[in-house]
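Peer 1: Just passing along the structure, written as structure tokens.
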Amino acid sequence: MDTNQDLPAIDSHRALQIWITENLKMLLLPERAHGNFFEECCYIILHVPQSPKANRGGSSDLHYWIGKEASVETQGAAVTCVQRLQEVLGDQTVLHRESQGHESDCFHSYFHPGVIYRKGGRASALKHVETNVYNVQRLLHIRGRKHVSATEVTLSWNSFNKGDIFLLDLGKVMIQWNGPKTSISEKSRALALTCSLKDRERGGRAQIGVVDDENKAMDLVHIMEVVLGCRSGSLSAAVPSDSVSQQQKANVRLYHVFEKGTDLVVQELATRPLTQDLLQEEGCYLLDQGGFKIYMWQGRKSSPQDKKAALSRAVGFIQAKGYPSCTNVEVVSDGAESTAFQQLFQTWSKEPDGKKHRGGHKRMQAKLDVSKLHTQPELAAQLRMVDDGSGHVEVWCIQDLQRQPVDPKHHGQLCSGNCYLALYTYKKLGHVRYILYLWQGHQATIEDTKALNCNAEEMDLMYHGALVQAHVTMGREPPHFLAIFQGQLVVFQGSADNRGKRPPISSTRLFHMQGADSHDTRTLEVPARASSLMSSDIFFLVTTDVSYLWFGKGCNGDQREMARMVVTVFARNNTETVLEGREPPHFWEALGGRAPYPSNKRLPEEVSSTQPRLFECSSPSGCLVLTEVVFFDQEDLNKYDVMLLDTCQEIFLWLGEEAGEQKKEAVAWGREYLRTHPAERSLDTPIILVKQGHEPATFTGWFVTWDPYKWMNNQSYEEVVEGSLGPASAISEITAEVHNFQLIRGPGDNKAGPSTLLAFKSSQESPENDLELGLGVDDKNPSKSPSNRCSSSAANGSLPRERLMHQAVEDLPQGVDPARKEFYLSDSDFQDIFGKSKEEFYSMAKWKQQQEKKKLGFF
């Protein structure tokens, strides 16, 4: 049998392709149907990144999606199709098993502003691709924060609850009802989905109403009651979130899966922290992430039989463990692992020979080209440097819970028992920028640490929220922090005096010098004994009589040059240079005698080479919950959110300007993320707070593109609501017709029934009412009266351009919404003026629409 028979052609130039499956055949869906999933169907989704930057994981993703009402036969056919397709695509493809309502973050990242689950099977799915259909009556249950989903539910008040959002879609009118327990972020994202439905399915020709407070939107509630009936009793309470906390995701177990005779053996190998060398290229391994997700890893030399059985073995493991059948499965191949899989291990190397990648990013040049850092944010992000550190520096030491200025002569001389604030001021493209470093010594008290944060907040208020706040710990300082002290950072043991000055050196002290340039050199005081020495580095020994600059055999010329610069900090006149193996007797006497010490060349610290990851942070039940945006860009940063960007070496927390009380939790969330990370990340990893509108290049450089002016056009939720609503006259007309409709039905008829739904359908099918709900049941059409001819023309989109362009509100024809003047143009005039169709125009971002309207006289 030809395994490629009936397989569709793959278009490698399309980022997203979706097929619906039936009888071992795959039918390609048009792009306008993307994001709609019918519950009785199974789908296959292929994502192929189109740019090198977007291809963060180095592989394509193949998903098969199972609707909750899909039959066993339909599911079996989908599995067969996806496995055959995977064989054609090869090992560079990651395979995902998705279940309705429990999809992976990777799956959701394809669909903006959300996915819609609809009732029905294949016939309904194929019919749904029609556009501008107004014969619609449905109720959508909208859930989710970063990843939004809308599920078609029964048209009844019984479907509602206080914690979610519901959209009553009546074709020409769409009413979004926001539960009293929903956040403004959820409301904003739901409204984005509602507007998308309006533009994609109705060509922009529908009125949107939003119910935030029922007492202030009685007209809309009145319409809802005509369809749903009068509400009896109170609504159901909010449904608790089923989000998986970081604590649960931290539990990982690795199993070796192999056949022994006729038996399948699943042998546990290790728990956290996992190391990459546990994965052998001849084997297959199963990784269980807390029952939340199952990964199957296939070695490049594993047998074809093992690779083909990977998915079924994962499903069998889920059943044996008693996990929910909807548990997500991801099958990855050796060399094409997803970033999410890689980060479950302490370090990850992409070297094909399995050798560990040392040092993470490429080593910095000896002399940085500042102009490149300003014009190439990607380079700034990789090097963790906004500039060369030549800006203005101010330092304060926390003393008695207050900040005490440190004399510029002593900048860079810190004490391990203290906390410091270092304010760095620099210019970028003519604008003044700030970074406030919060440095914490290993021996600092809890009180000083709290005072450090309080003083930082005070300073942030003084600078009107413009400070980027970087939390750094002794010994883990980022390159730019080292650069602002020009490589002369020296950390002394003990505490500073009341003026922030380090204590005088009056006894034998030993200092370890590490680094070869101004942006990677730090000097730390260590115990003054011979066992502290290392052949690969340089040490400075201070005694009462003489000081020794000791060069280990493994140090290079750049290290020696930097060490001579650092020695000037100590202001010692009597300094001798000694080479390892040629030390004078007094050197060893000062250290208490000879002792063994590491003589091998010190290897650079291993840094994982995985790609950055972006998460939305929330804490719905007191536990940190992170939702990943896999293929992220600037559009994924929402003003109501706190977002976490993990670059492996640093943790950025981006604070939206309307994030509210969540901002106070940001640093704690960053530390919780590190504490619960499956790879047991260092708690000393720098945590950097970045506020919306004040993003440094070290943050923006991780994004494919960045628009520094984007936030200037950022509308609030209230402004979006106001811009989405139809004209007040339209709502009034709808309400009046609802009232007439109820009078005809007679008093006391409180329940919506088939006759009500039929009336809605027949009125919406009427070709004479293009935008109005049309609930009237008599034969008279008010739009036909002379007084309403103008408003009828407006509703039908046929007003001449001169009646609309550059017209003041008071000069507009009756019935024209001043916020949407362009809508009332005929289709031909609209195409002529805007150079695109109405459907194309309304699919653009709101701010882009506003710009075009201003330019063409329709604002």
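Following the order of the structure tokens, chains are lettered A, B, ..., residues in each are numbered from 1, and ligands are numbered from 1.
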Quick one: pick out all alpha helix (DSSP H) residues within region 133-285 of chain A from a backbone DSSP run and write them as a ChimeraX atom specification.
Peer 2: /A:184-202,218-228,246-249
Peer 1: Extract, using only C-alpha atoms, all DNA, RNA and protein residues at most 7 Å from region 591-597 of chain A, discarding same-chain residues fewer than 4 positions from it, and format them as a PDB file with N, CA, C and O atoms, in the first residue's frame.
Peer 2:
```
ATOM      1  N   ALA A 528      41.324  33.954  53.457  1.00  0.00           N
ATOM      2  CA  ALA A 528      42.773  34.103  53.227  1.00  0.00           C
ATOM      3  C   ALA A 528      43.499  32.826  53.593  1.00  0.00           C
ATOM      4  O   ALA A 528      44.181  32.732  54.625  1.00  0.00           O
ATOM      5  N   ARG A 529      43.358  31.834  52.744  1.00  0.00           N
ATOM      6  CA  ARG A 529      44.068  30.568  52.924  1.00  0.00           C
ATOM      7  C   ARG A 529      44.405  30.004  51.548  1.00  0.00           C
ATOM      8  O   ARG A 529      43.763  30.324  50.545  1.00  0.00           O
ATOM      9  N   ALA A 530      45.423  29.141  51.522  1.00  0.00           N
ATOM     10  CA  ALA A 530      45.952  28.650  50.258  1.00  0.00           C
ATOM     11  C   ALA A 530      44.926  27.870  49.453  1.00  0.00           C
ATOM     12  O   ALA A 530      44.953  27.885  48.217  1.00  0.00           O
ATOM     13  N   SER A 531      44.003  27.183  50.104  1.00  0.00           N
ATOM     14  CA  SER A 531      43.013  26.376  49.390  1.00  0.00           C
ATOM     15  C   SER A 531      42.052  27.225  48.558  1.00  0.00           C
ATOM     16  O   SER A 531      41.324  26.694  47.721  1.00  0.00           O
ATOM     17  N   SER A 532      42.036  28.559  48.767  1.00  0.00           N
ATOM     18  CA  SER A 532      41.167  29.440  47.975  1.00  0.00           C
ATOM     19  C   SER A 532      41.741  29.733  46.597  1.00  0.00           C
ATOM     20  O   SER A 532      41.028  30.215  45.716  1.00  0.00           O
ATOM     21  N   LEU A 533      43.036  29.483  46.395  1.00  0.00           N
ATOM     22  CA  LEU A 533      43.683  29.789  45.124  1.00  0.00           C
ATOM     23  C   LEU A 533      43.186  28.874  44.010  1.00  0.00           C
ATOM     24  O   LEU A 533      42.718  27.762  44.250  1.00  0.00           O
ATOM     25  N   MET A 534      43.311  29.356  42.750  1.00  0.00           N
ATOM     26  CA  MET A 534      42.980  28.568  41.556  1.00  0.00           C
ATOM     27  C   MET A 534      43.993  28.920  40.479  1.00  0.00           C
ATOM     28  O   MET A 534      44.266  30.097  40.221  1.00  0.00           O
ATOM     29  N   PHE A 587      54.706  34.747  51.303  1.00  0.00           N
ATOM     30  CA  PHE A 587      53.395  34.589  50.663  1.00  0.00           C
ATOM     31  C   PHE A 587      52.627  33.446  51.323  1.00  0.00           C
ATOM     32  O   PHE A 587      51.458  33.592  51.706  1.00  0.00           O
TER      33      PHE A 587
END
```
Peer 1: Show me, as number ranges by chain, the residues that have an atom within 9 Å of region 516-525 of chain A when counting only C-alpha atoms, minus same-chain residues fewer than 3 positions from it.
Peer 2: A: 364, 366-367, 385, 388-389, 475, 477-493, 509-513, 528, 539, 556-563, 566
Peer 1: Which polymer residues have any atom within 9 Å of an atom of Ser185 (chain A), counting only C-alpha atoms, with same-chain residues fewer than 4 positions away left out, as JSON, numbers by chain?
Peer 2: {"A": [145, 146, 189, 190, 638, 639, 640, 641, 659, 717]}
Peer 1: Name the residues in contact with His806 (chain A) at a cut-off of 10 Å, using only C-alpha atoms, excluding same-chain residues fewer than 6 positions from it; report them as a ChimeraX atom specification.
Peer 2: /A:812,821,854,856-859
Peer 1: Per residue of region 87-161 of chain A within 10 Å of region 286-296 of chain A, note the shortest atom pair and the distance in Å to one decimal, counting only C-alpha atoms, and order the rows by chain and increasing residue number, as CSV.
Peer 2:
```
residue,atom,partner,partner_atom,distance
A:Leu95,CA,A:Met296,CA,9.6
A:His96,CA,A:Tyr295,CA,9.3
A:Arg97,CA,A:Ile294,CA,9.9
A:Ser104,CA,A:Lys293,CA,9.0
```
Peer 1: Let's have the selection written as a PDB file, in the first residue's frame, with C-alpha atoms.
Peer 2:
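For reference, selection_26.pdb as written:
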```
ATOM      1  CA  LEU A  95       4.031  16.092  17.021  1.00  0.00           C
ATOM      2  CA  HIS A  96       1.332  17.247  19.456  1.00  0.00           C
ATOM      3  CA  ARG A  97      -1.883  15.535  20.552  1.00  0.00           C
ATOM      4  CA  SER A 104      -1.168  23.290  24.505  1.00  0.00           C
TER       5      SER A 104
END
```
Peer 1: Please list as a ChimeraX atom specification every residue within 7 Å of Tyr426 (chain A), counting only C-alpha atoms and excluding residues in the same chain fewer than 5 positions away.
Peer 2: /A:391-392,432-434
Peer 1: Okay, now the selection with N, CA and C atoms, as a PDB file, in the first residue's frame?
Peer 2:
```
ATOM      1  N   GLY A 391      27.844  55.994  30.897  1.00  0.00           N
ATOM      2  CA  GLY A 391      26.887  57.000  31.338  1.00  0.00           C
ATOM      3  C   GLY A 391      27.162  57.467  32.759  1.00  0.00           C
ATOM      4  N   HIS A 392      26.200  58.167  33.340  1.00  0.00           N
ATOM      5  CA  HIS A 392      26.355  58.739  34.686  1.00  0.00           C
ATOM      6  C   HIS A 392      25.918  57.727  35.749  1.00  0.00           C
ATOM      7  N   VAL A 432      16.538  60.468  27.501  1.00  0.00           N
ATOM      8  CA  VAL A 432      17.209  60.053  28.729  1.00  0.00           C
ATOM      9  C   VAL A 432      16.561  58.770  29.240  1.00  0.00           C
ATOM     10  N   ARG A 433      17.372  57.786  29.554  1.00  0.00           N
ATOM     11  CA  ARG A 433      16.887  56.504  30.069  1.00  0.00           C
ATOM     12  C   ARG A 433      17.579  56.197  31.392  1.00  0.00           C
ATOM     13  N   TYR A 434      16.926  55.334  32.197  1.00  0.00           N
ATOM     14  CA  TYR A 434      17.454  55.021  33.525  1.00  0.00           C
ATOM     15  C   TYR A 434      17.406  53.517  33.789  1.00  0.00           C
TER      16      TYR A 434
END
```
Peer 1: Can you tell me which residues surround region 98-102 of chain A at a distance of at most 9 Å, considering only C-alpha atoms, apart from same-chain residues fewer than 4 positions away, and format the answer as a list in words?
Peer 2: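 Contacts, with the query itself left out: Phe37, Glu39, His63, Tyr64, Trp65, Ile66, Gly67, Lys68, Phe107, Tyr117, Ser149, Ser325, Cys326, Thr327, Asn328 and Val329 of chain A.
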Peer 1: Have a look at A:Ile18, A:Leu126, A:Ala70, A:Ala206 and name the one nearest to Ile45 (chain A); count only C-alpha atoms.
Peer 2: A:Ile18
Peer 1: When distances are computed from only C-alpha atoms, which of A:Glu635, A:Leu429, A:Leu655, A:Glu616 shows the smallest separation from Gln469 (chain A)?
Peer 2: A:Leu655
Peer 1: May I have all residues of region 533-723 of chain A that DSSP, computed from the backbone, assigns to strand (DSSP E), given as a PyMOL selection string?
Peer 2: chain A and resi 538-542+547-551+575-579+613-618+625-629+642-646+651-655+687-691
Peer 1: Just to be explicit: take each residue in the selection above, keep C-alpha atoms, and write the result as a compact mmCIF listing (two decimals), in the first residue's frame.
Peer 2:
```txt
# COMPACT_ATOMS: atom_id res chain seq x y z
CA ILE A 538 44.47 35.89 39.54
CA PHE A 539 44.50 36.69 43.27
CA PHE A 540 45.54 39.75 45.26
CA LEU A 541 46.95 39.07 48.72
CA VAL A 542 47.11 42.02 51.12
CA SER A 547 50.81 43.02 48.85
CA TYR A 548 51.15 40.28 46.25
CA LEU A 549 49.50 40.15 42.82
CA TRP A 550 49.51 36.39 42.12
CA PHE A 551 49.17 35.15 38.54
CA THR A 575 52.92 45.57 45.64
CA GLU A 576 54.86 42.63 44.23
CA THR A 577 53.90 40.52 41.24
CA VAL A 578 54.45 36.78 41.72
CA LEU A 579 53.94 33.86 39.37
CA ARG A 613 10.18 32.20 26.45
CA LEU A 614 7.36 34.64 27.18
CA PHE A 615 4.62 33.97 29.76
CA GLU A 616 1.58 35.78 31.10
CA CYS A 617 1.56 35.78 34.93
CA SER A 618 -1.52 35.35 37.10
CA VAL A 625 0.10 30.26 36.97
CA LEU A 626 2.02 30.97 33.78
CA THR A 627 0.54 30.86 30.28
CA GLU A 628 3.13 30.73 27.51
CA VAL A 629 2.98 32.63 24.24
CA VAL A 642 2.33 41.25 33.87
CA MET A 643 4.50 39.26 31.45
CA LEU A 644 7.59 37.18 32.25
CA LEU A 645 10.37 36.88 29.67
CA ASP A 646 12.90 34.17 30.46
CA ILE A 651 14.27 37.10 34.06
CA PHE A 652 12.40 40.17 32.76
CA LEU A 653 9.02 41.11 34.22
CA TRP A 654 7.13 43.48 31.94
CA LEU A 655 4.51 45.59 33.74
CA ILE A 687 15.27 39.78 37.91
CA ILE A 688 14.57 42.94 35.93
CA LEU A 689 11.36 44.98 36.16
CA VAL A 690 10.47 46.74 32.90
CA LYS A 691 7.55 49.14 32.63
```
